[in-house]
Amino acid sequence: MERVTVPIPGRSYDVVIGTGVVAGAAEHLPAFPKAARAFVVADRSVADRWFEPLSAALGLRALHAVLLAVPAGEDAKTLQVYGTLVHQLATQEAHRDDVVVALGGGTTGDLAGYVASTYMRGVPFVQVPTTLTAQVDAAIGGKTAVNLPEGKNLVGTFYQPAAVLCDVDALATLDDRDYRAGLAEVAKYALTLDLDLLDQLERDPGPVLTRDPATLERLVARCVAAKARTVGADERDTGLRLVLNYGHTLGHALERLDAFGGRSHGEAIAIGMVFAARLAEERGLCAAGLAARTARLLNALGLETDGALPPVREILAAFRMDKKFLGGSRFVLLEDVGRPVVVEGVTDAELGAILVEMGAGR
Ligand SMILES: NC(=O)c1ccc[n+]([C@@H]2O[C@H](COP(=O)([O-])OP(=O)(O)OC[C@H]3O[C@@H](n4cnc5c(N)ncnc54)[C@H](O)[C@@H]3O)[C@@H](O)[C@H]2O)c1
Ligand SMILES: [Zn+2]
């Protein structure tokens, strides 16, 4: 069992990582004085496996668990589903001391967090992430969101959970595609913030690929620690936290242009990290070879780094929608592995040239 504290002033909380963490939830959760019920937001397939053990554990703390079922995947992150959930809370007379629990992937967590942060102006919130993406990234740091047709994550809040429980046993049932998508976020931490992790993944990705539980516990804990440090230094995403968006500008654009139905988040950011490395090389910011090294790492983790891209003009238009893309030109790039910098003033001509090299049409 590993425990990592997310050091947000006044609202610090612990992330517990290990096997059997859901069954042991009664021991790991903080006190929720006056809470009678826990409203557990989950999609059907996650609920089928995990609602009962979670419900039994909450019962040991005299919390009655109520399941609120939502669609799986990105379909959950809509204003409509949000509306349905807050109505359900209101009709069931959820109290301001009751707890909202997100049980599932990053989509469930983003949605449930937005519900928890807004229902009665905020009720206690717990994250129980069950995908690798959610355990290493989405469940930590307090960003909540739903999507609009105009773009991803355009409506949301900053709202920290009271606790995060990462049960690595859940990762055993993830399909390969979802697991690999999480490995893209793992690679992001390794490339930007954790050279020991990078070394370990480059030397032998085997135990990670076979999902060895002890390896997963250490892997998730390392990534959570990297995210916790970053978020602790910059809760509101104005400086250091931007680093966590490495590869995400192109990633978000690709997700958006696929109308959220094509590449997964992780698959899209894998391509985005290679793109960022090429941009850094092109600008002479880093030594030649970073893009090839990035692609090698991602390919070894089972992630594709080539494949069809939308036309350049559509990608450039999508960049302008990105919240991080201030003034149309800001990117997180690497001077070397482990040395991220924010670069301003990148032109459409530079971006377009690299996109064409990577196979995008004009
Ligand atoms: N808030 C943040 O800081 C942050 C950070 C990164 C990503 N995100 C968001 O997270 C979302 C992606 O999250 P995701 O990759 O977890 O995808 P997801 O939530 O869509 O889950 C993927 C699929 O895995 C299934 N699943 C979940 N747990 C499972 C398990 N244990 N076994 C088998 N199947 C399981 C789900 O039913 C779903 O179909 C995106 O919307 C992204 O924007 C948010
Ligand atoms: Zn991400």
# chains A, B, ... in the order shown; residues from 1 in each chain; ligands from 1
>>> residues_near_ligand(ligand="ligand 1", cutoff="8 Å", atoms="only C-alpha atoms and all ligand atoms", output="PyMOL selection string")
chain A and resi 43-46+72-74+77+104-110+129-134+137-145+152-153+169-175+178+181-182+185+264-266
>>> residues_around(residues="stretch 334-346 of chain A", least_positions_apart="4", cutoff="12 Å", atoms="only C-alpha atoms", output="number ranges by chain")
A: 187-199, 226, 238-247, 273-291, 293-294, 316, 319, 324-330, 350-354
>>> closest_residue(among="A:Val126, A:Leu216, A:Leu250, A:Leu67", to="ligand 2", atoms="only C-alpha atoms and all ligand atoms")
A:Leu250
>>> select_by_dssp(residues="stretch 73-164 of chain A", states="strand (DSSP E or B)", output="MDAnalysis selection string")
chainID A and resid 99:104 125:129 143:148 151:158 163:164
>>> write_last_selection(atoms="N, CA and C atoms", output="PDB file, in the first residue's frame")
ATOM      1  N   VAL A  99     -22.227  12.383   0.637  1.00  0.00           N
ATOM      2  CA  VAL A  99     -21.002  12.291  -0.143  1.00  0.00           C
ATOM      3  C   VAL A  99     -21.329  11.862  -1.576  1.00  0.00           C
ATOM      4  N   VAL A 100     -20.674  12.480  -2.543  1.00  0.00           N
ATOM      5  CA  VAL A 100     -20.723  11.990  -3.925  1.00  0.00           C
ATOM      6  C   VAL A 100     -19.427  11.230  -4.192  1.00  0.00           C
ATOM      7  N   VAL A 101     -19.562  10.019  -4.732  1.00  0.00           N
ATOM      8  CA  VAL A 101     -18.397   9.190  -5.036  1.00  0.00           C
ATOM      9  C   VAL A 101     -18.349   8.936  -6.534  1.00  0.00           C
ATOM     10  N   ALA A 102     -17.210   9.216  -7.150  1.00  0.00           N
ATOM     11  CA  ALA A 102     -16.994   8.856  -8.555  1.00  0.00           C
ATOM     12  C   ALA A 102     -16.334   7.493  -8.581  1.00  0.00           C
ATOM     13  N   LEU A 103     -17.005   6.499  -9.191  1.00  0.00           N
ATOM     14  CA  LEU A 103     -16.457   5.150  -9.306  1.00  0.00           C
ATOM     15  C   LEU A 103     -16.327   4.844 -10.791  1.00  0.00           C
ATOM     16  N   GLY A 104     -15.117   4.920 -11.325  1.00  0.00           N
ATOM     17  CA  GLY A 104     -14.959   4.641 -12.753  1.00  0.00           C
ATOM     18  C   GLY A 104     -13.770   5.344 -13.364  1.00  0.00           C
ATOM     19  N   PHE A 125     -16.722  14.979  -1.667  1.00  0.00           N
ATOM     20  CA  PHE A 125     -16.492  14.226  -2.908  1.00  0.00           C
ATOM     21  C   PHE A 125     -15.324  13.262  -2.720  1.00  0.00           C
ATOM     22  N   VAL A 126     -15.510  12.042  -3.202  1.00  0.00           N
ATOM     23  CA  VAL A 126     -14.446  11.030  -3.151  1.00  0.00           C
ATOM     24  C   VAL A 126     -14.264  10.448  -4.547  1.00  0.00           C
ATOM     25  N   GLN A 127     -13.022  10.252  -4.932  1.00  0.00           N
ATOM     26  CA  GLN A 127     -12.717   9.630  -6.225  1.00  0.00           C
ATOM     27  C   GLN A 127     -12.264   8.186  -6.008  1.00  0.00           C
ATOM     28  N   VAL A 128     -12.909   7.258  -6.718  1.00  0.00           N
ATOM     29  CA  VAL A 128     -12.447   5.868  -6.752  1.00  0.00           C
ATOM     30  C   VAL A 128     -12.185   5.525  -8.219  1.00  0.00           C
ATOM     31  N   PRO A 129     -11.019   5.924  -8.735  1.00  0.00           N
ATOM     32  CA  PRO A 129     -10.724   5.740 -10.159  1.00  0.00           C
ATOM     33  C   PRO A 129     -10.429   4.284 -10.483  1.00  0.00           C
ATOM     34  N   LYS A 143      -9.671  18.958 -11.091  1.00  0.00           N
ATOM     35  CA  LYS A 143     -10.333  19.544 -12.255  1.00  0.00           C
ATOM     36  C   LYS A 143     -11.567  18.723 -12.574  1.00  0.00           C
ATOM     37  N   THR A 144     -12.708  19.402 -12.724  1.00  0.00           N
ATOM     38  CA  THR A 144     -13.941  18.725 -13.107  1.00  0.00           C
ATOM     39  C   THR A 144     -14.412  19.323 -14.424  1.00  0.00           C
ATOM     40  N   ALA A 145     -15.193  18.585 -15.188  1.00  0.00           N
ATOM     41  CA  ALA A 145     -15.629  19.132 -16.471  1.00  0.00           C
ATOM     42  C   ALA A 145     -16.708  18.308 -17.142  1.00  0.00           C
ATOM     43  N   VAL A 146     -17.502  18.995 -17.955  1.00  0.00           N
ATOM     44  CA  VAL A 146     -18.280  18.331 -19.003  1.00  0.00           C
ATOM     45  C   VAL A 146     -17.912  19.002 -20.332  1.00  0.00           C
ATOM     46  N   ASN A 147     -18.256  18.317 -21.419  1.00  0.00           N
ATOM     47  CA  ASN A 147     -17.941  18.834 -22.757  1.00  0.00           C
ATOM     48  C   ASN A 147     -19.114  19.623 -23.330  1.00  0.00           C
ATOM     49  N   LEU A 148     -18.828  20.478 -24.276  1.00  0.00           N
ATOM     50  CA  LEU A 148     -19.857  21.084 -25.125  1.00  0.00           C
ATOM     51  C   LEU A 148     -19.599  20.586 -26.548  1.00  0.00           C
ATOM     52  N   GLY A 151     -16.412  21.952 -27.879  1.00  0.00           N
ATOM     53  CA  GLY A 151     -15.090  21.531 -27.444  1.00  0.00           C
ATOM     54  C   GLY A 151     -15.128  20.767 -26.135  1.00  0.00           C
ATOM     55  N   LYS A 152     -14.006  20.100 -25.857  1.00  0.00           N
ATOM     56  CA  LYS A 152     -13.881  19.283 -24.645  1.00  0.00           C
ATOM     57  C   LYS A 152     -13.704  20.155 -23.412  1.00  0.00           C
ATOM     58  N   ASN A 153     -14.271  19.737 -22.316  1.00  0.00           N
ATOM     59  CA  ASN A 153     -13.991  20.317 -20.994  1.00  0.00           C
ATOM     60  C   ASN A 153     -14.235  21.825 -20.921  1.00  0.00           C
ATOM     61  N   LEU A 154     -15.199  22.318 -21.691  1.00  0.00           N
ATOM     62  CA  LEU A 154     -15.392  23.768 -21.716  1.00  0.00           C
ATOM     63  C   LEU A 154     -16.176  24.284 -20.502  1.00  0.00           C
ATOM     64  N   VAL A 155     -16.856  23.382 -19.794  1.00  0.00           N
ATOM     65  CA  VAL A 155     -17.601  23.790 -18.599  1.00  0.00           C
ATOM     66  C   VAL A 155     -17.096  22.961 -17.422  1.00  0.00           C
ATOM     67  N   GLY A 156     -16.660  23.643 -16.354  1.00  0.00           N
ATOM     68  CA  GLY A 156     -16.179  22.862 -15.214  1.00  0.00           C
ATOM     69  C   GLY A 156     -15.702  23.747 -14.084  1.00  0.00           C
ATOM     70  N   THR A 157     -15.144  23.111 -13.083  1.00  0.00           N
ATOM     71  CA  THR A 157     -14.722  23.813 -11.862  1.00  0.00           C
ATOM     72  C   THR A 157     -13.397  23.230 -11.372  1.00  0.00           C
ATOM     73  N   PHE A 158     -12.779  23.917 -10.424  1.00  0.00           N
ATOM     74  CA  PHE A 158     -11.716  23.308  -9.623  1.00  0.00           C
ATOM     75  C   PHE A 158     -12.352  22.877  -8.309  1.00  0.00           C
ATOM     76  N   ALA A 163     -10.676  12.526  -0.694  1.00  0.00           N
ATOM     77  CA  ALA A 163      -9.784  11.364  -0.734  1.00  0.00           C
ATOM     78  C   ALA A 163      -9.852  10.734  -2.117  1.00  0.00           C
ATOM     79  N   VAL A 164      -8.790  10.019  -2.475  1.00  0.00           N
ATOM     80  CA  VAL A 164      -8.757   9.268  -3.731  1.00  0.00           C
ATOM     81  C   VAL A 164      -8.303   7.851  -3.409  1.00  0.00           C
TER      82      VAL A 164
END
>>> residues_around(residues="A:Val123", least_positions_apart="5", cutoff="9 Å", atoms="only C-alpha atoms", output="PDB file with N, CA and C atoms, in the first residue's frame")
ATOM      1  N   HIS A  95     -28.466  15.433   0.980  1.00  0.00           N
ATOM      2  CA  HIS A  95     -28.195  16.445   1.987  1.00  0.00           C
ATOM      3  C   HIS A  95     -26.836  17.077   1.681  1.00  0.00           C
ATOM      4  N   ARG A  96     -26.573  18.277   2.181  1.00  0.00           N
ATOM      5  CA  ARG A  96     -25.284  18.906   1.870  1.00  0.00           C
ATOM      6  C   ARG A  96     -24.090  18.210   2.527  1.00  0.00           C
ATOM      7  N   ASP A  97     -24.363  17.351   3.528  1.00  0.00           N
ATOM      8  CA  ASP A  97     -23.270  16.592   4.161  1.00  0.00           C
ATOM      9  C   ASP A  97     -23.074  15.213   3.533  1.00  0.00           C
ATOM     10  N   ASP A  98     -24.011  14.810   2.670  1.00  0.00           N
ATOM     11  CA  ASP A  98     -23.863  13.515   2.003  1.00  0.00           C
ATOM     12  C   ASP A  98     -22.684  13.573   1.032  1.00  0.00           C
ATOM     13  N   VAL A  99     -22.227  12.383   0.637  1.00  0.00           N
ATOM     14  CA  VAL A  99     -21.002  12.291  -0.143  1.00  0.00           C
ATOM     15  C   VAL A  99     -21.329  11.862  -1.576  1.00  0.00           C
ATOM     16  N   VAL A 100     -20.674  12.480  -2.543  1.00  0.00           N
ATOM     17  CA  VAL A 100     -20.723  11.990  -3.925  1.00  0.00           C
ATOM     18  C   VAL A 100     -19.427  11.230  -4.192  1.00  0.00           C
ATOM     19  N   VAL A 115     -20.661  17.576 -10.641  1.00  0.00           N
ATOM     20  CA  VAL A 115     -21.902  17.456  -9.871  1.00  0.00           C
ATOM     21  C   VAL A 115     -21.630  17.800  -8.404  1.00  0.00           C
ATOM     22  N   ALA A 116     -20.598  17.175  -7.827  1.00  0.00           N
ATOM     23  CA  ALA A 116     -20.298  17.391  -6.397  1.00  0.00           C
ATOM     24  C   ALA A 116     -19.962  18.851  -6.111  1.00  0.00           C
ATOM     25  N   SER A 117     -19.316  19.510  -7.052  1.00  0.00           N
ATOM     26  CA  SER A 117     -18.870  20.886  -6.798  1.00  0.00           C
ATOM     27  C   SER A 117     -20.001  21.898  -6.923  1.00  0.00           C
ATOM     28  N   THR A 118     -21.093  21.508  -7.593  1.00  0.00           N
ATOM     29  CA  THR A 118     -22.154  22.476  -7.850  1.00  0.00           C
ATOM     30  C   THR A 118     -23.450  22.174  -7.093  1.00  0.00           C
TER      31      THR A 118
END
>>> atom_distance(atom1="atom CA of A:Leu58", atom2="atom CA of A:Ala112")
17.8 Å
>>> select_by_dssp(residues="stretch 143-299 of chain A", states="alpha helix (DSSP H)", output="PyMOL selection string")
chain A and resi 176-192+195-203+206-209+213-233+248-257+265-282+290-299
>>> atom_distance(atom1="atom CA of A:Arg61", atom2="atom CA of A:Leu89")
20.8 Å
>>> closest_residue(among="A:Glu255, A:Glu150, A:Asp48, A:Asp212", to="ligand 2", atoms="only C-alpha atoms and all ligand atoms")
A:Glu255
>>> atom_distance(atom1="atom CA of A:Gly361", atom2="atom 1 (Zn, counted along the ligand's line) of ligand 2")
25.6 Å
>>> closest_residue(among="A:Ala76, A:Ile271, A:Met358, A:Val40", to="A:His252", atoms="only C-alpha atoms")
A:Ile271
>>> closest_residue(among="A:Pro149, A:Gly18, A:Gly272, A:Gly251", to="A:Cys166", atoms="only C-alpha atoms")
A:Gly18
>>> closest_residue(among="A:Ala268, A:Phe39, A:Arg3, A:Thr19", to="ligand 2", atoms="only C-alpha atoms and all ligand atoms")
A:Ala268
>>> residues_around(residues="A:Arg11", least_positions_apart="6", cutoff="9 Å", atoms="only C-alpha atoms", output="count of residues only")
3
>>> closest_residue(among="A:Ile269, A:Leu68, A:Met120, A:Ala300", to="ligand 2", atoms="only C-alpha atoms and all ligand atoms")
A:Ile269
>>> decode(residues="stretch 229-246 of chain A", atoms="N, CA and C atoms", output="PDB file, in the first residue's frame")
ATOM      1  N   ARG A 229       2.840  16.863  -6.727  1.00  0.00           N
ATOM      2  CA  ARG A 229       3.837  17.943  -6.609  1.00  0.00           C
ATOM      3  C   ARG A 229       3.452  19.131  -7.483  1.00  0.00           C
ATOM      4  N   THR A 230       3.065  18.806  -8.703  1.00  0.00           N
ATOM      5  CA  THR A 230       2.752  19.850  -9.677  1.00  0.00           C
ATOM      6  C   THR A 230       1.499  20.618  -9.271  1.00  0.00           C
ATOM      7  N   VAL A 231       0.470  19.872  -8.887  1.00  0.00           N
ATOM      8  CA  VAL A 231      -0.791  20.498  -8.509  1.00  0.00           C
ATOM      9  C   VAL A 231      -0.629  21.286  -7.208  1.00  0.00           C
ATOM     10  N   GLY A 232       0.158  20.743  -6.290  1.00  0.00           N
ATOM     11  CA  GLY A 232       0.397  21.431  -5.020  1.00  0.00           C
ATOM     12  C   GLY A 232       1.054  22.780  -5.228  1.00  0.00           C
ATOM     13  N   ALA A 233       1.913  22.856  -6.257  1.00  0.00           N
ATOM     14  CA  ALA A 233       2.611  24.115  -6.532  1.00  0.00           C
ATOM     15  C   ALA A 233       1.745  25.075  -7.347  1.00  0.00           C
ATOM     16  N   ASP A 234       0.692  24.579  -7.971  1.00  0.00           N
ATOM     17  CA  ASP A 234      -0.049  25.409  -8.932  1.00  0.00           C
ATOM     18  C   ASP A 234      -1.454  24.860  -9.122  1.00  0.00           C
ATOM     19  N   GLU A 235      -2.306  25.027  -8.079  1.00  0.00           N
ATOM     20  CA  GLU A 235      -3.637  24.413  -8.149  1.00  0.00           C
ATOM     21  C   GLU A 235      -4.436  24.921  -9.341  1.00  0.00           C
ATOM     22  N   ARG A 236      -4.291  26.204  -9.655  1.00  0.00           N
ATOM     23  CA  ARG A 236      -5.187  26.830 -10.637  1.00  0.00           C
ATOM     24  C   ARG A 236      -4.656  26.831 -12.061  1.00  0.00           C
ATOM     25  N   ASP A 237      -3.602  26.089 -12.307  1.00  0.00           N
ATOM     26  CA  ASP A 237      -3.209  25.865 -13.684  1.00  0.00           C
ATOM     27  C   ASP A 237      -2.715  27.136 -14.379  1.00  0.00           C
ATOM     28  N   THR A 238      -1.852  27.878 -13.711  1.00  0.00           N
ATOM     29  CA  THR A 238      -1.349  29.101 -14.326  1.00  0.00           C
ATOM     30  C   THR A 238       0.125  28.989 -14.691  1.00  0.00           C
ATOM     31  N   GLY A 239       0.848  28.052 -14.114  1.00  0.00           N
ATOM     32  CA  GLY A 239       2.276  27.988 -14.386  1.00  0.00           C
ATOM     33  C   GLY A 239       2.734  26.552 -14.558  1.00  0.00           C
ATOM     34  N   LEU A 240       3.324  26.008 -13.461  1.00  0.00           N
ATOM     35  CA  LEU A 240       3.911  24.675 -13.517  1.00  0.00           C
ATOM     36  C   LEU A 240       2.934  23.614 -14.022  1.00  0.00           C
ATOM     37  N   ARG A 241       1.662  23.762 -13.634  1.00  0.00           N
ATOM     38  CA  ARG A 241       0.693  22.728 -14.000  1.00  0.00           C
ATOM     39  C   ARG A 241       0.499  22.603 -15.510  1.00  0.00           C
ATOM     40  N   LEU A 242       0.843  23.670 -16.224  1.00  0.00           N
ATOM     41  CA  LEU A 242       0.782  23.608 -17.687  1.00  0.00           C
ATOM     42  C   LEU A 242       1.587  22.436 -18.240  1.00  0.00           C
ATOM     43  N   VAL A 243       2.643  22.071 -17.506  1.00  0.00           N
ATOM     44  CA  VAL A 243       3.508  20.974 -17.953  1.00  0.00           C
ATOM     45  C   VAL A 243       2.704  19.688 -18.160  1.00  0.00           C
ATOM     46  N   LEU A 244       1.656  19.528 -17.349  1.00  0.00           N
ATOM     47  CA  LEU A 244       0.831  18.325 -17.464  1.00  0.00           C
ATOM     48  C   LEU A 244       0.065  18.288 -18.779  1.00  0.00           C
ATOM     49  N   ASN A 245       0.089  19.404 -19.504  1.00  0.00           N
ATOM     50  CA  ASN A 245      -0.560  19.451 -20.812  1.00  0.00           C
ATOM     51  C   ASN A 245       0.385  19.083 -21.946  1.00  0.00           C
ATOM     52  N   TYR A 246       1.539  18.563 -21.595  1.00  0.00           N
ATOM     53  CA  TYR A 246       2.475  18.145 -22.637  1.00  0.00           C
ATOM     54  C   TYR A 246       1.761  17.197 -23.603  1.00  0.00           C
TER      55      TYR A 246
END
